[in-house]
Structure formats: C-alpha cells, structure tokens
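As stored in model-v9.pdb (PDB, C-alpha atoms):
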ATOM      1  CA  MET A  28     -36.928   1.115 -11.152
ATOM      2  CA  GLY A  29     -34.448  -0.933  -9.150
ATOM      3  CA  ALA A  30     -31.751   1.634  -8.353
ATOM      4  CA  ASP A  31     -29.303   0.408  -5.709
ATOM      5  CA  LEU A  32     -28.748   3.737  -4.024
ATOM      6  CA  VAL A  33     -29.489   7.456  -4.132
ATOM      7  CA  GLY A  34     -26.832  10.054  -4.972
ATOM      8  CA  ALA A  35     -26.368  13.813  -5.114
ATOM      9  CA  ILE A  36     -23.676  16.417  -5.828
ATOM     10  CA  PRO A  37     -24.757  19.399  -3.697
ATOM     11  CA  HIS A  38     -21.717  21.590  -4.360
ATOM     12  CA  PHE A  39     -22.619  21.571  -8.087
ATOM     13  CA  GLU A  40     -26.033  23.147  -7.475
ATOM     14  CA  PHE A  41     -26.609  26.834  -8.299
ATOM     15  CA  THR A  42     -26.830  27.938  -4.663
ATOM     16  CA  ARG A  43     -26.098  26.563  -1.201
ATOM     17  CA  GLU A  44     -29.843  26.450  -0.596
ATOM     18  CA  ASP A  45     -30.300  24.259  -3.684
ATOM     19  CA  GLY A  46     -27.488  22.009  -2.492
ATOM     20  CA  VAL A  47     -29.090  21.581   0.928
ATOM     21  CA  LYS A  48     -32.395  20.683  -0.735
ATOM     22  CA  SER A  49     -30.663  18.054  -2.868
ATOM     23  CA  VAL A  50     -29.192  16.363   0.215
ATOM     24  CA  HIS A  51     -32.587  16.389   1.955
ATOM     25  CA  LYS A  52     -34.228  14.904  -1.158
ATOM     26  CA  ALA A  53     -31.603  12.170  -1.414
ATOM     27  CA  PHE A  54     -32.252  11.091   2.179
ATOM     28  CA  GLU A  55     -36.005  11.324   1.700
ATOM     29  CA  LEU A  56     -35.780   8.873  -1.216
ATOM     30  CA  ALA A  57     -33.306   6.601   0.588
ATOM     31  CA  VAL A  58     -35.593   6.287   3.596
ATOM     32  CA  LYS A  59     -38.717   5.831   1.458
ATOM     33  CA  TYR A  60     -37.233   3.033  -0.649
ATOM     34  CA  ASP A  61     -34.887   1.583   1.985
ATOM     35  CA  LYS A  62     -31.753   2.280  -0.071
ATOM     36  CA  MET A  63     -28.220   3.457   0.583
ATOM     37  CA  VAL A  64     -27.264   7.069  -0.047
ATOM     38  CA  ASP A  65     -23.887   8.256  -1.397
ATOM     39  CA  ILE A  66     -23.232  11.986  -1.688
ATOM     40  CA  HIS A  67     -20.401  13.371  -3.835
ATOM     41  CA  CYS A  68     -19.744  15.841  -1.066
ATOM     42  CA  ASP A  69     -17.599  18.993  -1.075
ATOM     43  CA  GLU A  70     -15.208  17.842  -3.819
ATOM     44  CA  THR A  71     -13.733  21.311  -3.981
ATOM     45  CA  ASP A  72     -11.008  23.453  -2.421
ATOM     46  CA  ASP A  73     -13.630  25.956  -1.227
ATOM     47  CA  ASP A  74     -13.447  25.966   2.578
ATOM     48  CA  GLN A  75     -17.001  27.333   2.666
ATOM     49  CA  SER A  76     -18.398  24.223   0.986
ATOM     50  CA  ARG A  77     -19.921  22.555   4.020
ATOM     51  CA  PHE A  78     -22.525  20.098   2.804
ATOM     52  CA  LEU A  79     -20.885  17.372   4.875
ATOM     53  CA  GLU A  80     -22.532  18.797   7.985
ATOM     54  CA  VAL A  81     -25.899  18.667   6.227
ATOM     55  CA  LEU A  82     -25.315  15.048   5.183
ATOM     56  CA  ALA A  83     -24.194  14.004   8.665
ATOM     57  CA  ALA A  84     -27.140  15.752  10.324
ATOM     58  CA  GLU A  85     -29.619  14.038   7.990
ATOM     59  CA  ALA A  86     -27.980  10.659   8.587
ATOM     60  CA  TYR A  87     -28.223  11.198  12.329
ATOM     61  CA  ARG A  88     -31.850  12.338  12.239
ATOM     62  CA  THR A  89     -33.068   9.615   9.896
ATOM     63  CA  GLY A  90     -31.126   6.829  11.614
ATOM     64  CA  ILE A  91     -29.690   5.337   8.411
ATOM     65  CA  ALA A  92     -26.076   6.161   9.225
ATOM     66  CA  GLU A  93     -24.607   2.776   8.267
ATOM     67  CA  ARG A  94     -26.125   3.172   4.793
ATOM     68  CA  ALA A  95     -24.965   6.773   4.288
ATOM     69  CA  THR A  96     -21.658   7.685   2.676
ATOM     70  CA  ALA A  97     -19.811  10.938   2.099
ATOM     71  CA  SER A  98     -17.480  10.644  -0.898
ATOM     72  CA  HIS A  99     -14.419  12.858  -1.418
ATOM     73  CA  THR A 100     -15.081  15.601   1.229
ATOM     74  CA  CYS A 101     -12.011  17.425  -0.126
ATOM     75  CA  ALA A 102     -13.053  20.769   1.358
ATOM     76  CA  MET A 103     -12.398  19.302   4.806
ATOM     77  CA  HIS A 104      -8.708  19.604   3.930
ATOM     78  CA  SER A 105      -9.189  23.394   4.013
ATOM     79  CA  TYR A 106     -11.530  23.759   6.997
ATOM     80  CA  ASN A 107     -10.168  25.758   9.903
ATOM     81  CA  ASN A 108      -9.564  23.615  12.974
ATOM     82  CA  ALA A 109     -12.151  25.378  15.121
ATOM     83  CA  TYR A 110     -14.888  24.420  12.662
ATOM     84  CA  ALA A 111     -13.419  20.949  12.109
ATOM     85  CA  TYR A 112     -13.483  20.317  15.870
ATOM     86  CA  LYS A 113     -17.193  21.098  15.978
ATOM     87  CA  LEU A 114     -17.841  19.073  12.810
ATOM     88  CA  PHE A 115     -16.093  15.964  14.147
ATOM     89  CA  LYS A 116     -18.534  15.802  17.051
ATOM     90  CA  LEU A 117     -21.439  15.626  14.594
ATOM     91  CA  LEU A 118     -19.614  13.119  12.380
ATOM     92  CA  GLY A 119     -19.014  10.872  15.375
ATOM     93  CA  LEU A 120     -22.702  10.975  16.287
ATOM     94  CA  SER A 121     -23.813  10.326  12.712
ATOM     95  CA  LYS A 122     -21.580   7.256  12.160
ATOM     96  CA  ILE A 123     -21.564   7.803   8.393
ATOM     97  CA  ASN A 124     -19.021   6.201   6.068
ATOM     98  CA  PHE A 125     -16.338   8.044   4.110
ATOM     99  CA  ILE A 126     -14.836   7.278   0.710
ATOM    100  CA  SER A 127     -11.601   8.984  -0.255
ATOM    101  CA  CYS A 128     -10.213   8.809  -3.792
ATOM    102  CA  PRO A 129      -6.574   9.794  -3.206
ATOM    103  CA  THR A 130      -5.277   9.541  -6.771
ATOM    104  CA  GLU A 131      -8.063  11.669  -8.260
ATOM    105  CA  ASN A 132      -8.112  14.089  -5.336
ATOM    106  CA  ILE A 133      -4.380  14.812  -5.447
ATOM    107  CA  HIS A 134      -4.627  15.255  -9.217
ATOM    108  CA  LEU A 135      -7.683  17.538  -9.302
ATOM    109  CA  GLN A 136      -7.499  19.624  -6.134
ATOM    110  CA  GLY A 137      -5.312  22.651  -5.512
ATOM    111  CA  ARG A 138      -5.471  23.776  -9.130
ATOM    112  CA  PHE A 139      -6.321  27.355  -8.240
ATOM    113  CA  ASP A 140      -3.483  27.590  -5.719
ATOM    114  CA  ALA A 141      -0.161  29.288  -6.152
ATOM    115  CA  TYR A 142       2.561  27.767  -3.980
ATOM    116  CA  PRO A 143       2.279  26.206  -1.478
ATOM    117  CA  LYS A 144      -0.416  24.023  -3.064
ATOM    118  CA  ARG A 145      -2.994  22.186  -0.978
ATOM    119  CA  ARG A 146      -3.236  18.420  -1.280
ATOM    120  CA  GLY A 147      -7.014  18.405  -1.214
ATOM    121  CA  LEU A 148      -7.326  15.012   0.475
ATOM    122  CA  THR A 149      -9.868  14.711   3.263
ATOM    123  CA  ARG A 150      -8.622  14.209   6.821
ATOM    124  CA  VAL A 151      -8.146  10.450   6.483
ATOM    125  CA  LYS A 152      -5.752  10.127   9.402
ATOM    126  CA  GLU A 153      -7.849  12.180  11.802
ATOM    127  CA  LEU A 154     -11.126  10.505  10.806
ATOM    128  CA  THR A 155      -9.546   7.074  11.257
ATOM    129  CA  GLU A 156      -8.082   7.959  14.646
ATOM    130  CA  ALA A 157     -11.530   9.203  15.693
ATOM    131  CA  GLY A 158     -12.941   5.751  14.978
ATOM    132  CA  MET A 159     -14.852   6.589  11.802
ATOM    133  CA  ASN A 160     -15.086   4.257   8.822
ATOM    134  CA  VAL A 161     -12.930   5.523   5.950
ATOM    135  CA  CYS A 162     -12.114   3.558   2.819
ATOM    136  CA  PHE A 163     -10.098   4.241  -0.319
ATOM    137  CA  ALA A 164     -11.504   3.895  -3.821
ATOM    138  CA  GLN A 165     -11.084   5.033  -7.408
ATOM    139  CA  ASP A 166     -14.049   6.530  -9.223
ATOM    140  CA  SER A 167     -12.418   7.344 -12.556
ATOM    141  CA  MET A 168     -11.351   4.662 -15.020
ATOM    142  CA  SER A 169      -9.326   6.271 -17.807
ATOM    143  CA  ASP A 170     -11.759   9.162 -18.176
ATOM    144  CA  PRO A 171     -11.286  12.950 -18.612
ATOM    145  CA  TRP A 172     -11.080  13.504 -14.846
ATOM    146  CA  TYR A 173      -8.334  10.950 -14.299
ATOM    147  CA  PRO A 174      -6.932   9.494 -17.535
ATOM    148  CA  VAL A 175      -4.642   6.923 -15.869
ATOM    149  CA  GLY A 176      -7.266   5.288 -13.640
ATOM    150  CA  SER A 177      -6.893   1.500 -13.781
ATOM    151  CA  GLY A 178      -8.942   0.283 -10.813
ATOM    152  CA  ASN A 179      -5.798  -1.131  -9.189
ATOM    153  CA  LEU A 180      -6.601  -0.575  -5.530
ATOM    154  CA  MET A 181      -3.073  -1.473  -4.428
ATOM    155  CA  TYR A 182      -1.861   1.610  -6.305
ATOM    156  CA  VAL A 183      -4.678   3.700  -4.817
ATOM    157  CA  LEU A 184      -3.764   2.467  -1.340
ATOM    158  CA  ASP A 185      -0.089   3.266  -1.865
ATOM    159  CA  ALA A 186      -0.958   6.823  -2.925
ATOM    160  CA  GLY A 187      -3.411   7.282  -0.064
ATOM    161  CA  MET A 188      -1.002   6.204   2.642
ATOM    162  CA  HIS A 189       1.644   8.579   1.313
ATOM    163  CA  ILE A 190      -0.648  11.585   0.875
ATOM    164  CA  ALA A 191      -2.310  11.079   4.278
ATOM    165  CA  GLN A 192       1.133  10.697   5.900
ATOM    166  CA  MET A 193       0.215   7.386   7.511
ATOM    167  CA  MET A 194       3.557   5.599   7.600
ATOM    168  CA  SER A 195       3.880   4.262  11.125
ATOM    169  CA  ILE A 196       4.379   0.512  11.451
ATOM    170  CA  GLU A 197       0.919   0.119  13.006
ATOM    171  CA  GLU A 198      -0.719   2.183  10.245
ATOM    172  CA  LEU A 199       1.010   0.172   7.522
ATOM    173  CA  GLU A 200       0.076  -3.137   9.148
ATOM    174  CA  ASN A 201      -3.603  -2.097   9.096
ATOM    175  CA  ALA A 202      -3.471  -0.374   5.704
ATOM    176  CA  LEU A 203      -5.176  -3.129   3.710
ATOM    177  CA  ASP A 204      -8.326  -2.473   5.740
ATOM    178  CA  PHE A 205      -8.848   0.692   3.673
ATOM    179  CA  ILE A 206      -9.493  -1.379   0.538
ATOM    180  CA  THR A 207     -11.048  -4.467   2.141
ATOM    181  CA  VAL A 208     -13.206  -4.581   5.279
ATOM    182  CA  LYS A 209     -13.771  -0.833   5.455
ATOM    183  CA  GLY A 210     -14.995  -0.804   1.874
ATOM    184  CA  ALA A 211     -17.237  -3.781   2.622
ATOM    185  CA  ARG A 212     -18.697  -1.919   5.591
ATOM    186  CA  THR A 213     -19.381   1.113   3.397
ATOM    187  CA  LEU A 214     -21.146  -1.085   0.829
ATOM    188  CA  ASN A 215     -23.144  -2.839   3.574
ATOM    189  CA  ILE A 216     -21.961  -6.292   2.508
ATOM    190  CA  LEU A 217     -20.202  -7.470   5.687
ATOM    191  CA  ASP A 218     -22.763 -10.262   6.003
ATOM    192  CA  ARG A 219     -21.370 -11.859   2.842
ATOM    193  CA  TYR A 220     -17.817 -10.509   2.849
ATOM    194  CA  GLY A 221     -14.688 -12.341   3.975
ATOM    195  CA  VAL A 222     -13.150 -15.795   3.738
ATOM    196  CA  GLU A 223     -15.523 -17.760   5.973
ATOM    197  CA  GLU A 224     -17.624 -20.887   5.638
ATOM    198  CA  GLY A 225     -21.010 -20.146   4.138
ATOM    199  CA  LYS A 226     -19.969 -16.944   2.393
ATOM    200  CA  PRO A 227     -19.459 -16.563  -1.387
ATOM    201  CA  ALA A 228     -15.967 -17.565  -2.528
ATOM    202  CA  ASN A 229     -14.995 -14.124  -3.819
ATOM    203  CA  PHE A 230     -11.417 -13.091  -3.121
ATOM    204  CA  ILE A 231      -8.022 -12.169  -4.523
ATOM    205  CA  VAL A 232      -4.617 -13.496  -3.510
ATOM    206  CA  LEU A 233      -1.650 -11.131  -3.259
ATOM    207  CA  ASN A 234       1.962 -12.125  -3.894
ATOM    208  CA  ALA A 235       3.032 -11.532  -0.290
ATOM    209  CA  LYS A 236       3.349 -13.330   3.038
ATOM    210  CA  SER A 237       1.804 -10.490   5.036
ATOM    211  CA  GLY A 238      -0.123  -7.274   4.618
ATOM    212  CA  PHE A 239       2.954  -5.272   5.564
ATOM    213  CA  GLU A 240       5.008  -7.006   2.859
ATOM    214  CA  ALA A 241       2.240  -6.448   0.325
ATOM    215  CA  ILE A 242       2.232  -2.709   1.043
ATOM    216  CA  CYS A 243       6.018  -2.261   1.126
ATOM    217  CA  ASN A 244       6.674  -4.276  -2.040
ATOM    218  CA  ARG A 245       3.605  -3.011  -3.921
ATOM    219  CA  VAL A 246       2.859  -6.577  -4.913
ATOM    220  CA  SER A 247       0.681  -7.768  -7.768
ATOM    221  CA  VAL A 248      -2.411  -9.968  -7.624
ATOM    222  CA  ALA A 249      -1.575 -13.669  -7.966
ATOM    223  CA  CYS A 250      -5.139 -14.727  -8.752
ATOM    224  CA  SER A 251      -8.753 -13.644  -8.550
ATOM    225  CA  VAL A 252     -11.653 -15.940  -7.641
ATOM    226  CA  ARG A 253     -15.335 -15.170  -8.148
ATOM    227  CA  ASN A 254     -18.012 -17.535  -6.866
ATOM    228  CA  GLY A 255     -15.411 -20.283  -6.542
ATOM    229  CA  GLU A 256     -14.182 -19.950 -10.129
ATOM    230  CA  PHE A 257     -10.803 -18.528 -11.133
ATOM    231  CA  LEU A 258     -11.167 -15.335 -13.134
ATOM    232  CA  PHE A 259      -7.421 -15.339 -13.770
ATOM    233  CA  GLU A 260      -4.108 -16.630 -12.459
ATOM    234  CA  ARG A 261      -0.821 -14.782 -12.896
ATOM    235  CA  ALA A 262       2.258 -16.824 -13.767
ATOM    236  CA  PRO A 263       5.161 -16.313 -11.320
ATOM    237  CA  GLU A 264       7.583 -13.618 -12.417
ATOM    238  CA  VAL A 265      10.930 -14.955 -13.667
ATOM    239  CA  ILE A 266      14.059 -12.806 -13.376
ATOM    240  CA  THR A 267      17.284 -13.838 -15.107
ATOM    241  CA  THR A 268      20.748 -12.442 -14.406
ATOM    242  CA  ASP A 269      24.406 -13.179 -15.052
ATOM    243  CA  ASN A 270      25.476 -11.468 -11.830
ATOM    244  CA  PRO A 271      26.826 -14.220  -9.488
ATOM    245  CA  LEU A 272      25.980 -12.113  -6.435
ATOM    246  CA  LEU A 273      22.290 -12.272  -7.363
ATOM    247  CA  LYS A 274      22.130 -15.962  -8.206
ATOM    248  CA  GLY A 275      20.912 -18.573  -5.746
TER
END
As structure tokens:
Amino acid sequence: MGADLVGAIPHFEFTREDGVKSVHKAFELAVKYDKMVDIHCDETDDDQSRFLEVLAAEAYRTGIAERATASHTCAMHSYNNAYAYKLFKLLGLSKINFISCPTENIHLQGRFDAYPKRRGLTRVKELTEAGMNVCFAQDSMSDPWYPVGSGNLMYVLDAGMHIAQMMSIEELENALDFITVKGARTLNILDRYGVEEGKPANFIVLNAKSGFEAICNRVSVACSVRNGEFLFERAPEVITTDNPLLKG
C-alpha cells in the first residue's frame, strides 16, 4: 500500500515472546518489501526490557543494518555494565541507527522512582564514542505524551547535550551533527542531503557564525528554504536601550 517503513513496539506486547515475534515480523516485512524498519524499542525503565538485542541480531542476520533504527532504547540507561558491555559488541556488529528523544525521555522516564530518579536517556555518549550513529529527534508535537513539543530541534539538541553530559569543546563543536547528518544517515537520504551541487536546495540558516556559537547562544532560524523557495524569513531582532554602556 506504499508504506515507507515497518515499525513495532515490542515492549508493549503481552509477553516477551510476543515482543520477539513482533520484531521478527517487522524485519521479515522490511526485507520482503525492501523498506526501512524503525522499532520503538525498550522505551521503559525496566532493565529487563531487552528487545534491542533482538533488533540488533535481526539487523545483523538480514544485512539491512543501515535501514534499521532503534528508537528511544531508554532501558539501556538502566542496564548493568556487564550486560551493556556484551550488548555493545553486538550493536557494533549490527551497525544499526539510534534515535534518542531527549525531551520526551527526560519527561516520561523515572516516574516510578523515588529519589534519586533515573534520567532514562539512552547511552548517547557511549554509543557515539563507540562509533555508532545516534541522532536526536522529537516524536511528540503538543500531544498527551509531551504537551510542549514544538519540533524545534535546536531546543531538543540543547536538552540532549545537557542530559547526556556532553559539554566538552569537541562535543559541542560536533553537536549539530545529531540533528543534521546523523539524522540524514538514519533516514537513508545522504545521497540527496547537504548543500552540494546537484542536490535539492533544502536547508535552514541559523543566526550564528559557527556551530559552536549556534549551540551556546541557542540561536533561532533565520530562514528556511525548500526546493529553492523560501518557506519563511525571520526579520533581524531589534533591541532598544537607554543604557549608554550597551549602545554602540
């Protein structure tokens, strides 16, 4: 019927066995119809929710890793390190993509905890350092799960870098990758993504001279272009003051 990808939410199934079957079925359909697969995977604080290993194993066996994505993977936040060490070997072999939704995850996870409360964000820093493709996104636009979702990825990025404790100069200088090229890789659109001759003229311009400045100053979008046409342009902000120290 023209679906772009296959999805599943295994941790919502009645039993673990049902969840495993749902992941297998999703990959079966993805391979059959040559589609991407995106699993809402382990979006829970339950450290025994381990469908990520099933997803990664299927991606490895079927050979469609670049088209397979694990979204959320919040339970990884609670995995013991011995298991996580073993899991990371499989994840590295599978080469799957990861989507983290930091604003929703920090809002929804840890609700059954007394203090100290878990953050519930997947291991963004560790996955990135291991060379895996992780991107930030927002999957709730002013809905019951996250009522203040606006789709502003600069805000999502700001939250993600704070929650993941990625504040070194090098990490901040590369931070925009989480909402640009890494997202494009996850969506399998690198062949038509980027500002290059021959590619669609789809881009936004930020009010900053560098990526580092854009992150630090939480800048706004100056304009958005789609297929060479301006969707909008933002007028420059004007600040007035009578303070002589601030003039000029």
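As for CA of Ala141 in chain A and CA of Pro174 in chain A, they are spaced 23.8 Å apart.
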For this file, the PyMOL selection byres ((chain A and resi 40) around 12) selects which residues, as a ChimeraX atom specification?
-> /A:35-39,41-50,67-69,76,78
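From CA of Asn234 in chain A back to CA of Glu260 in chain A, the distance works out to 11.4 Å.
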Nearest-residue call for Ala164 in chain A, choices A:Asp72, A:Asp269, A:Asp185, A:Glu55, using all atoms listed in the file | A:Asp185
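The shortest atom-to-atom distance to Ala92 in chain A, with only C-alpha atoms taken into account, belongs to A:Phe54 out of A:Phe230, A:Phe54, A:Trp172, A:Tyr182.
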Between CA of Gly238 in chain A and CA of Gly221 in chain A lies a distance of 15.4 Å
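Shortest separation to Leu217 in chain A among A:Asp74, A:Glu197, A:Glu93, A:Asp140 occurs at residue A:Glu93, atoms counted being all atoms listed in the file.
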Missing atoms in range 91-105 of chain A need filling: write out N, CA and C atoms for it as a tab-separated table (two decimals), keeping the file's coordinate frame.
chain	number	residue	atom	x	y	z
A	91	ILE	N	-30.20	6.28	9.43
A	91	ILE	CA	-29.69	5.34	8.41
A	91	ILE	C	-28.18	5.50	8.22
A	92	ALA	N	-27.49	5.82	9.30
A	92	ALA	CA	-26.08	6.16	9.22
A	92	ALA	C	-25.24	5.12	8.51
A	93	GLU	N	-25.44	3.83	8.84
A	93	GLU	CA	-24.61	2.78	8.27
A	93	GLU	C	-24.78	2.67	6.76
A	94	ARG	N	-25.87	3.22	6.23
A	94	ARG	CA	-26.12	3.17	4.79
A	94	ARG	C	-25.87	4.50	4.12
A	95	ALA	N	-25.24	5.45	4.84
A	95	ALA	CA	-24.96	6.77	4.29
A	95	ALA	C	-23.46	6.98	4.13
A	96	THR	N	-23.08	7.51	2.98
A	96	THR	CA	-21.66	7.68	2.68
A	96	THR	C	-21.39	9.08	2.14
A	97	ALA	N	-20.31	9.67	2.62
A	97	ALA	CA	-19.81	10.94	2.10
A	97	ALA	C	-18.56	10.65	1.28
A	98	SER	N	-18.62	10.89	-0.02
A	98	SER	CA	-17.48	10.64	-0.90
A	98	SER	C	-16.68	11.93	-1.11
A	99	HIS	N	-15.39	11.79	-1.14
A	99	HIS	CA	-14.42	12.86	-1.42
A	99	HIS	C	-14.21	13.77	-0.20
A	100	THR	N	-15.17	14.61	0.13
A	100	THR	CA	-15.08	15.60	1.23
A	100	THR	C	-13.75	16.35	1.22
A	101	CYS	N	-13.31	16.76	0.03
A	101	CYS	CA	-12.01	17.42	-0.13
A	101	CYS	C	-11.94	18.77	0.61
A	102	ALA	N	-13.07	19.46	0.70
A	102	ALA	CA	-13.05	20.77	1.36
A	102	ALA	C	-12.62	20.66	2.81
A	103	MET	N	-12.82	19.48	3.42
A	103	MET	CA	-12.40	19.30	4.81
A	103	MET	C	-10.90	19.55	4.97
A	104	HIS	N	-10.15	19.34	3.91
A	104	HIS	CA	-8.71	19.60	3.93
A	104	HIS	C	-8.44	21.08	4.25
A	105	SER	N	-9.39	21.95	3.87
A	105	SER	CA	-9.19	23.39	4.01
A	105	SER	C	-9.98	24.01	5.16
